[in-house]
Every structure is written in C-alpha cells, then in structure tokens.
$ cat entry.csv   # CSV, C-alpha atoms
chain,number,residue,atom,x,y,z
X,1,MET,CA,-1.6,15.9,12.7
X,2,ASP,CA,-2.9,19.4,11.9
X,3,TYR,CA,0.5,20.2,10.4
X,4,VAL,CA,0.4,17.1,8.1
X,5,VAL,CA,-3.2,17.9,7.1
X,6,GLY,CA,-2.2,21.5,6.4
X,7,LEU,CA,0.6,20.3,4.1
X,8,LEU,CA,-1.7,18.0,2.3
X,9,LYS,CA,-4.2,20.8,1.8
X,10,LYS,CA,-1.4,23.0,0.5
X,11,TRP,CA,-0.1,20.5,-2.0
X,12,ALA,CA,-3.3,18.7,-3.2
X,13,SER,CA,-3.7,20.0,-6.7
X,14,GLY,CA,-5.2,18.1,-9.6
X,15,LYS,CA,-1.9,18.1,-11.6
X,16,LEU,CA,0.2,16.9,-8.7
X,17,VAL,CA,-2.3,14.2,-7.7
X,18,LEU,CA,-2.4,13.0,-11.4
X,19,GLY,CA,1.3,13.0,-11.8
X,20,LEU,CA,1.9,11.1,-8.5
X,21,PHE,CA,-1.0,8.7,-9.3
X,22,ILE,CA,0.7,7.9,-12.7
X,23,ALA,CA,4.1,7.3,-11.0
X,24,THR,CA,2.4,5.1,-8.3
X,25,MET,CA,0.5,3.1,-10.8
X,26,ALA,CA,3.7,2.6,-13.0
X,27,VAL,CA,5.5,1.1,-10.0
X,28,TYR,CA,2.5,-0.9,-9.0
X,29,LEU,CA,2.0,-2.3,-12.5
X,30,THR,CA,5.7,-3.2,-12.7
X,31,MET,CA,5.3,-5.2,-9.5
X,32,LEU,CA,2.0,-6.7,-10.6
X,33,LEU,CA,3.1,-7.7,-14.1
X,34,TYR,CA,6.8,-8.4,-13.7
X,35,THR,CA,8.4,-8.8,-10.3
X,36,LEU,CA,5.5,-10.6,-8.4
X,37,PRO,CA,5.0,-13.1,-11.2
X,38,ALA,CA,8.7,-13.7,-11.4
X,39,VAL,CA,8.7,-14.7,-7.8
X,40,GLU,CA,5.4,-16.5,-7.9
X,41,ARG,CA,6.6,-18.9,-10.6
X,42,PHE,CA,8.7,-20.5,-7.9
X,43,VAL,CA,5.7,-21.2,-5.7
X,44,PRO,CA,2.7,-22.0,-7.8
X,45,GLY,CA,-0.5,-22.0,-5.8
X,46,LYS,CA,1.0,-20.2,-2.8
X,47,ALA,CA,0.5,-16.6,-1.9
X,48,LEU,CA,3.6,-14.5,-1.2
X,49,PHE,CA,3.9,-12.7,2.1
X,50,ASP,CA,2.9,-9.4,0.5
X,51,LEU,CA,-0.2,-10.9,-0.9
X,52,SER,CA,-1.6,-12.5,2.2
X,53,PRO,CA,-3.9,-9.8,3.6
X,54,ALA,CA,-5.1,-12.1,6.5
X,55,GLY,CA,-1.5,-12.8,7.5
X,56,TYR,CA,0.2,-16.2,7.7
X,57,SER,CA,1.3,-18.7,10.2
X,58,TYR,CA,4.8,-19.8,11.2
X,59,GLU,CA,4.3,-23.1,9.3
X,60,TYR,CA,3.1,-21.3,6.2
X,61,ALA,CA,6.1,-18.9,6.3
X,62,VAL,CA,8.7,-21.6,6.6
X,63,SER,CA,6.9,-23.7,3.9
X,64,LEU,CA,6.9,-20.7,1.5
X,65,LEU,CA,10.5,-19.9,2.1
X,66,GLU,CA,11.4,-23.6,1.5
X,67,VAL,CA,9.4,-23.9,-1.7
X,68,LEU,CA,10.8,-20.7,-3.0
X,69,GLY,CA,14.2,-22.3,-3.0
X,70,PRO,CA,17.5,-20.3,-3.2
X,71,GLU,CA,16.7,-18.8,-6.6
X,72,GLY,CA,13.1,-17.8,-5.6
X,73,ARG,CA,14.3,-16.2,-2.4
X,74,ARG,CA,17.0,-14.4,-4.3
X,75,MET,CA,14.4,-13.1,-6.8
X,76,TYR,CA,12.1,-12.0,-3.9
X,77,LEU,CA,15.0,-10.2,-2.2
X,78,TYR,CA,16.6,-8.5,-5.2
X,79,ARG,CA,13.7,-8.0,-7.6
X,80,GLN,CA,10.4,-7.7,-5.8
X,81,LEU,CA,11.5,-6.1,-2.5
X,82,PRO,CA,13.5,-3.2,-4.1
X,83,MET,CA,10.3,-2.3,-6.1
X,84,ASP,CA,8.3,-2.6,-2.9
X,85,PHE,CA,10.5,-0.1,-1.2
X,86,ILE,CA,9.6,2.5,-3.8
X,87,TYR,CA,5.8,1.7,-3.8
X,88,PRO,CA,4.9,2.4,-0.2
X,89,GLY,CA,6.2,5.9,-0.2
X,90,LEU,CA,4.4,6.7,-3.5
X,91,PHE,CA,1.3,5.1,-2.1
X,92,ALA,CA,1.4,7.1,1.1
X,93,ILE,CA,2.0,10.5,-0.6
X,94,SER,CA,-0.1,10.1,-3.7
X,95,TYR,CA,-3.1,8.6,-2.1
X,96,SER,CA,-3.1,11.0,0.9
X,97,LEU,CA,-3.0,13.8,-1.6
X,98,LEU,CA,-5.8,12.1,-3.7
X,99,LEU,CA,-8.0,11.8,-0.6
X,100,THR,CA,-7.3,15.4,0.3
X,101,TRP,CA,-8.1,16.6,-3.2
X,102,ILE,CA,-11.3,14.5,-3.4
X,103,PHE,CA,-12.5,15.6,0.0
X,104,SER,CA,-11.9,19.3,-0.8
X,105,LYS,CA,-14.3,18.8,-3.8
X,106,GLY,CA,-17.1,17.2,-1.8
X,107,TYR,CA,-16.9,18.6,1.8
X,108,ALA,CA,-16.6,22.0,3.4
X,109,SER,CA,-13.0,23.2,4.0
X,110,ASP,CA,-13.4,22.8,7.8
X,111,SER,CA,-14.8,19.3,7.6
X,112,LYS,CA,-13.1,16.8,10.0
X,113,ILE,CA,-13.1,14.1,7.3
X,114,ILE,CA,-9.9,15.6,5.9
X,115,ASN,CA,-8.1,14.2,8.9
X,116,PHE,CA,-8.7,10.7,7.4
X,117,ALA,CA,-6.5,11.7,4.4
X,118,VAL,CA,-3.5,10.5,6.5
X,119,ILE,CA,-4.7,6.9,6.4
X,120,PRO,CA,-2.5,6.0,3.4
X,121,PHE,CA,0.6,7.1,5.4
X,122,PHE,CA,-0.2,4.3,7.8
X,123,GLY,CA,-0.6,1.8,5.0
X,124,GLY,CA,2.8,2.9,3.6
X,125,LEU,CA,4.5,2.7,7.0
X,126,PHE,CA,3.2,-0.9,7.7
X,127,ASP,CA,4.2,-1.9,4.1
X,128,TYR,CA,7.8,-0.7,4.9
X,129,LEU,CA,7.8,-2.6,8.2
X,130,GLU,CA,6.5,-5.7,6.5
X,131,ASN,CA,9.2,-5.5,3.8
X,132,ILE,CA,11.9,-5.2,6.5
X,133,CYS,CA,10.5,-8.3,8.2
X,134,ILE,CA,10.4,-10.2,4.9
X,135,ILE,CA,14.0,-9.4,4.2
X,136,GLN,CA,14.9,-10.7,7.7
X,137,LEU,CA,12.8,-13.9,7.1
X,138,ILE,CA,14.6,-14.5,3.8
X,139,LYS,CA,18.0,-13.8,5.2
X,140,SER,CA,17.5,-15.9,8.3
X,141,TYR,CA,16.1,-19.0,6.5
X,142,PRO,CA,16.3,-21.8,7.4
X,143,THR,CA,16.5,-20.5,11.0
X,144,VAL,CA,13.3,-18.6,11.1
X,145,SER,CA,12.1,-17.0,14.3
X,146,HIS,CA,8.5,-17.6,15.5
X,147,GLY,CA,8.5,-14.0,16.8
X,148,LEU,CA,9.6,-12.5,13.5
X,149,VAL,CA,6.9,-14.3,11.6
X,150,GLY,CA,4.3,-13.1,14.0
X,151,VAL,CA,5.5,-9.5,13.7
X,152,SER,CA,5.7,-9.7,9.9
X,153,SER,CA,2.3,-11.2,9.7
X,154,THR,CA,0.9,-8.5,11.9
X,155,PHE,CA,2.4,-5.8,9.7
X,156,THR,CA,0.9,-7.5,6.7
X,157,ILE,CA,-2.5,-7.4,8.3
X,158,LEU,CA,-2.2,-3.8,9.3
X,159,LYS,CA,-0.9,-2.8,5.8
X,160,SER,CA,-3.9,-4.5,4.3
X,161,GLY,CA,-6.4,-3.0,6.8
X,162,PHE,CA,-5.1,0.6,6.1
X,163,THR,CA,-5.2,-0.1,2.4
X,164,ILE,CA,-8.8,-1.2,2.5
X,165,ALA,CA,-9.6,1.8,4.7
X,166,PHE,CA,-8.1,4.0,2.0
X,167,PHE,CA,-10.3,2.5,-0.7
X,168,ILE,CA,-13.4,2.9,1.5
X,169,LEU,CA,-12.6,6.5,2.1
X,170,LEU,CA,-11.9,7.1,-1.6
X,171,LEU,CA,-15.3,5.6,-2.4
X,172,VAL,CA,-17.0,7.8,0.2
X,173,GLY,CA,-15.2,10.8,-1.2
X,174,VAL,CA,-16.2,10.1,-4.8
X,175,ILE,CA,-19.8,9.4,-3.8
X,176,LYS,CA,-19.9,12.7,-1.9
X,177,VAL,CA,-18.5,14.6,-4.9
X,178,ILE,CA,-21.0,13.0,-7.3
X,179,LYS,CA,-23.9,13.8,-4.9
X,180,LYS,CA,-22.7,17.4,-4.6
X,181,ARG,CA,-22.5,17.8,-8.4
X,182,VAL,CA,-25.9,16.2,-8.9
X,183,THR,CA,-27.4,18.5,-6.3
X,184,ASN,CA,-25.7,21.6,-7.9
X,185,VAL,CA,-27.0,20.6,-11.4
X,186,ASN,CA,-30.5,20.0,-10.0
X,187,SER,CA,-30.5,23.4,-8.2
X,188,GLN,CA,-29.5,25.2,-11.3
X,189,SER,CA,-32.3,23.7,-13.4
$ encode --input "entry.csv" --output "structure tokens"
Amino acid sequence: MDYVVGLLKKWASGKLVLGLFIATMAVYLTMLLYTLPAVERFVPGKALFDLSPAGYSYEYAVSLLEVLGPEGRRMYLYRQLPMDFIYPGLFAISYSLLLTWIFSKGYASDSKIINFAVIPFFGGLFDYLENICIIQLIKSYPTVSHGLVGVSSTFTILKSGFTIAFFILLLVGVIKVIKKRVTNVNSQS
C-alpha cells in the first residue's frame, strides 16, 4: 500500500488530475447520454444491473434479461459494456490521483488520510468484476445461474459502496482545503 500511495503522491499534479478527469468524464457522459439510454429503451422502468446500487435478486436479473430481448442484450453486450471496460480504469486512476491531490492541499504530508486515496481502485476493481459477471449473465441467458447472479449483485453493491466512499472522501478533502484557506486568509488579515 505504501508503494501505491507513493506513486499517487509522485503523479498527483493539477494538470494530470485535470486531464484524466476530463477523459473520465468524457467516457462517463458517453455512457450516461448514449450507451445506457440505448439499452434502457428496451426496458422502460427497469434499472440495468450497473444502475442497481442495492443489488438485485435472481428473479429481477432473469426478468431484466428477458425484457431486454435479443436486441437489448446485444446492445448491452456490444455497446454499453465495452464503454464500461474503459471507465473503471479511468475512474480508479483519475479519482485516486484527485483524492491524493486534494488531500495534499488540505492535510500535512505525513497524514494517514492519504491512504484512503486508494478507495477508487477498489471501486474500479469491483466494476470490472461486475462487468465480467454481466457478460456471463447475458451470454448464459436463458440458463442463468443463481450463484452467478448472487456474485454479480455482490460486486454491484461493492462497486457502489466504494464509489460512495470516494465521494464522501472527496467532500471531506474539499471541506478541509476550504477550511485551511479560510484560516490562512483570516490569519493574514
């Protein structure tokens, strides 16, 4: 962990963070505005696996795959999931560097909070594992394994949990930076 944190500290510059953030957001917006809606049109009113932060049951998974139909499953497999194999890596790297950069602005260089900058890597890892499971669910339909749905749902929950943890840490970091700047301005007055 010290090695990873050391690399994050070495590479966390404002320019790199901004560049990676722009790339990450470009992929995210492509999914949000194009690939996800393209799949969702096959299942109005149903949440896709990726968009079910509390997980899903076996019955829900089978129902979703059924309602998607052959064309919807194909769209999920060949449009949405390829984009979602780019996004987790970008999420992990850019947001770990973002946390590192933010923490370096608000906390002492030896603060242990920097260790939490690896949280996005876990979100990215579980997103990849979720995607692999979704591919298997789609390819195995209509013979869907209870175990595979359970594992997939667990990965979805873990991905969501680590993503939420990232946003909480980002908020904590931003608040700390603001407090530090306000304190510095007040002490100079």
$ closest_atom_pairs --input "entry.csv" --of "stretch 44-141 of chain X" --to "stretch 149-162 of chain X" --cutoff "7 Å" --atoms "only C-alpha atoms" --output "tab-separated table"
residue	atom	partner	partner_atom	distance
X:Asp50	CA	X:Thr156	CA	6.8
X:Pro53	CA	X:Ser160	CA	5.3
X:Ala54	CA	X:Ile157	CA	5.7
X:Gly55	CA	X:Ser153	CA	4.7
X:Tyr56	CA	X:Ser153	CA	5.8
X:Tyr58	CA	X:Val149	CA	5.9
X:Ile119	CA	X:Phe162	CA	6.3
X:Pro120	CA	X:Phe162	CA	6.6
X:Phe122	CA	X:Phe162	CA	6.4
X:Gly123	CA	X:Lys159	CA	4.7
X:Phe126	CA	X:Lys159	CA	4.9
X:Asp127	CA	X:Lys159	CA	5.5
X:Leu129	CA	X:Phe155	CA	6.5
X:Glu130	CA	X:Phe155	CA	5.2
X:Cys133	CA	X:Ser152	CA	5.3
X:Ile134	CA	X:Ser152	CA	6.9
$ closest_residue --input "entry.csv" --among "X:Thr24, X:Ser104, X:Asn115, X:Ser13" --to "X:Gly173" --atoms "only C-alpha atoms"
X:Ser104
$ closest_residue --input "entry.csv" --among "X:Ala26, X:Val144, X:Ala47, X:Ala61" --to "X:Ile86" --atoms "only C-alpha atoms"
X:Ala26
$ residues_around --input "entry.csv" --residues "stretch 33-40 of chain X" --least-positions-apart "4" --cutoff "8 Å" --atoms "all atoms listed in the file" --output "count of residues only"
13
$ closest_residue --input "entry.csv" --among "X:Ser145, X:Gln188, X:Asn131, X:Ser52" --to "X:Pro88" --atoms "all atoms listed in the file"
X:Asn131
$ atom_distance --input "entry.csv" --atom1 "atom CA of X:Leu20" --atom2 "atom CA of X:Leu97"
8.9 Å
$ atom_distance --input "entry.csv" --atom1 "atom CA of X:Tyr128" --atom2 "atom CA of X:Leu170"
22.2 Å
$ closest_residue --input "entry.csv" --among "X:Arg181, X:Leu64, X:Ile102, X:Lys15" --to "X:Leu137" --atoms "all atoms listed in the file"
X:Leu64
$ closest_residue --input "entry.csv" --among "X:Met25, X:Leu77, X:Val177, X:Met1" --to "X:Ser94" --atoms "only C-alpha atoms"
X:Met25
$ atom_distance --input "entry.csv" --atom1 "atom CA of X:Ile178" --atom2 "atom CA of X:Asp110"
19.5 Å
$ residues_around --input "entry.csv" --residues "X:Leu8" --least-positions-apart "6" --cutoff "9 Å" --atoms "all atoms listed in the file" --output "mmCIF file with C-alpha atoms, in the coordinates of the input"
data_model
loop_
_atom_site.group_PDB
_atom_site.id
_atom_site.type_symbol
_atom_site.label_atom_id
_atom_site.label_comp_id
_atom_site.auth_asym_id
_atom_site.auth_seq_id
_atom_site.Cartn_x
_atom_site.Cartn_y
_atom_site.Cartn_z
ATOM 1 C CA ILE X 93 2.000 10.500 -0.600
ATOM 2 C CA SER X 96 -3.100 11.000 0.900
ATOM 3 C CA LEU X 97 -3.000 13.800 -1.600
ATOM 4 C CA THR X 100 -7.300 15.400 0.300
ATOM 5 C CA TRP X 101 -8.100 16.600 -3.200
ATOM 6 C CA ALA X 117 -6.500 11.700 4.400
ATOM 7 C CA VAL X 118 -3.500 10.500 6.500
#
$ build_atoms --input "entry.csv" --residues "stretch 85-100 of chain X" --atoms "N, CA and C atoms" --output "PDB file, in the coordinates of the input"
ATOM      1  N   PHE X  85      10.049  -1.184  -2.094  1.00  0.00           N
ATOM      2  CA  PHE X  85      10.500  -0.100  -1.200  1.00  0.00           C
ATOM      3  C   PHE X  85      10.284   1.251  -1.879  1.00  0.00           C
ATOM      4  N   ILE X  86       9.949   1.252  -3.157  1.00  0.00           N
ATOM      5  CA  ILE X  86       9.600   2.500  -3.800  1.00  0.00           C
ATOM      6  C   ILE X  86       8.056   2.712  -3.650  1.00  0.00           C
ATOM      7  N   TYR X  87       7.287   1.640  -3.807  1.00  0.00           N
ATOM      8  CA  TYR X  87       5.800   1.700  -3.800  1.00  0.00           C
ATOM      9  C   TYR X  87       5.204   2.311  -2.555  1.00  0.00           C
ATOM     10  N   PRO X  88       5.568   1.875  -1.346  1.00  0.00           N
ATOM     11  CA  PRO X  88       4.900   2.400  -0.200  1.00  0.00           C
ATOM     12  C   PRO X  88       4.945   3.902   0.010  1.00  0.00           C
ATOM     13  N   GLY X  89       6.090   4.481  -0.313  1.00  0.00           N
ATOM     14  CA  GLY X  89       6.200   5.900  -0.200  1.00  0.00           C
ATOM     15  C   GLY X  89       5.327   6.645  -1.222  1.00  0.00           C
ATOM     16  N   LEU X  90       5.324   6.124  -2.452  1.00  0.00           N
ATOM     17  CA  LEU X  90       4.400   6.700  -3.500  1.00  0.00           C
ATOM     18  C   LEU X  90       2.972   6.513  -3.074  1.00  0.00           C
ATOM     19  N   PHE X  91       2.630   5.323  -2.578  1.00  0.00           N
ATOM     20  CA  PHE X  91       1.300   5.100  -2.100  1.00  0.00           C
ATOM     21  C   PHE X  91       0.864   6.076  -1.054  1.00  0.00           C
ATOM     22  N   ALA X  92       1.717   6.245  -0.060  1.00  0.00           N
ATOM     23  CA  ALA X  92       1.400   7.100   1.100  1.00  0.00           C
ATOM     24  C   ALA X  92       1.174   8.572   0.585  1.00  0.00           C
ATOM     25  N   ILE X  93       2.103   9.070  -0.196  1.00  0.00           N
ATOM     26  CA  ILE X  93       2.000  10.500  -0.600  1.00  0.00           C
ATOM     27  C   ILE X  93       0.903  10.694  -1.627  1.00  0.00           C
ATOM     28  N   SER X  94       0.889   9.881  -2.685  1.00  0.00           N
ATOM     29  CA  SER X  94      -0.100  10.100  -3.700  1.00  0.00           C
ATOM     30  C   SER X  94      -1.511   9.904  -3.284  1.00  0.00           C
ATOM     31  N   TYR X  95      -1.738   8.873  -2.504  1.00  0.00           N
ATOM     32  CA  TYR X  95      -3.100   8.600  -2.100  1.00  0.00           C
ATOM     33  C   TYR X  95      -3.590   9.466  -0.966  1.00  0.00           C
ATOM     34  N   SER X  96      -2.680   9.960  -0.142  1.00  0.00           N
ATOM     35  CA  SER X  96      -3.100  11.000   0.900  1.00  0.00           C
ATOM     36  C   SER X  96      -3.475  12.257   0.158  1.00  0.00           C
ATOM     37  N   LEU X  97      -2.687  12.641  -0.839  1.00  0.00           N
ATOM     38  CA  LEU X  97      -3.000  13.800  -1.600  1.00  0.00           C
ATOM     39  C   LEU X  97      -4.327  13.633  -2.402  1.00  0.00           C
ATOM     40  N   LEU X  98      -4.519  12.433  -2.943  1.00  0.00           N
ATOM     41  CA  LEU X  98      -5.800  12.100  -3.700  1.00  0.00           C
ATOM     42  C   LEU X  98      -6.976  12.281  -2.764  1.00  0.00           C
ATOM     43  N   LEU X  99      -6.906  11.702  -1.565  1.00  0.00           N
ATOM     44  CA  LEU X  99      -8.000  11.800  -0.600  1.00  0.00           C
ATOM     45  C   LEU X  99      -8.267  13.301  -0.271  1.00  0.00           C
ATOM     46  N   THR X 100      -7.192  14.028  -0.023  1.00  0.00           N
ATOM     47  CA  THR X 100      -7.300  15.400   0.300  1.00  0.00           C
ATOM     48  C   THR X 100      -8.008  16.195  -0.816  1.00  0.00           C
TER      49      THR X 100
END
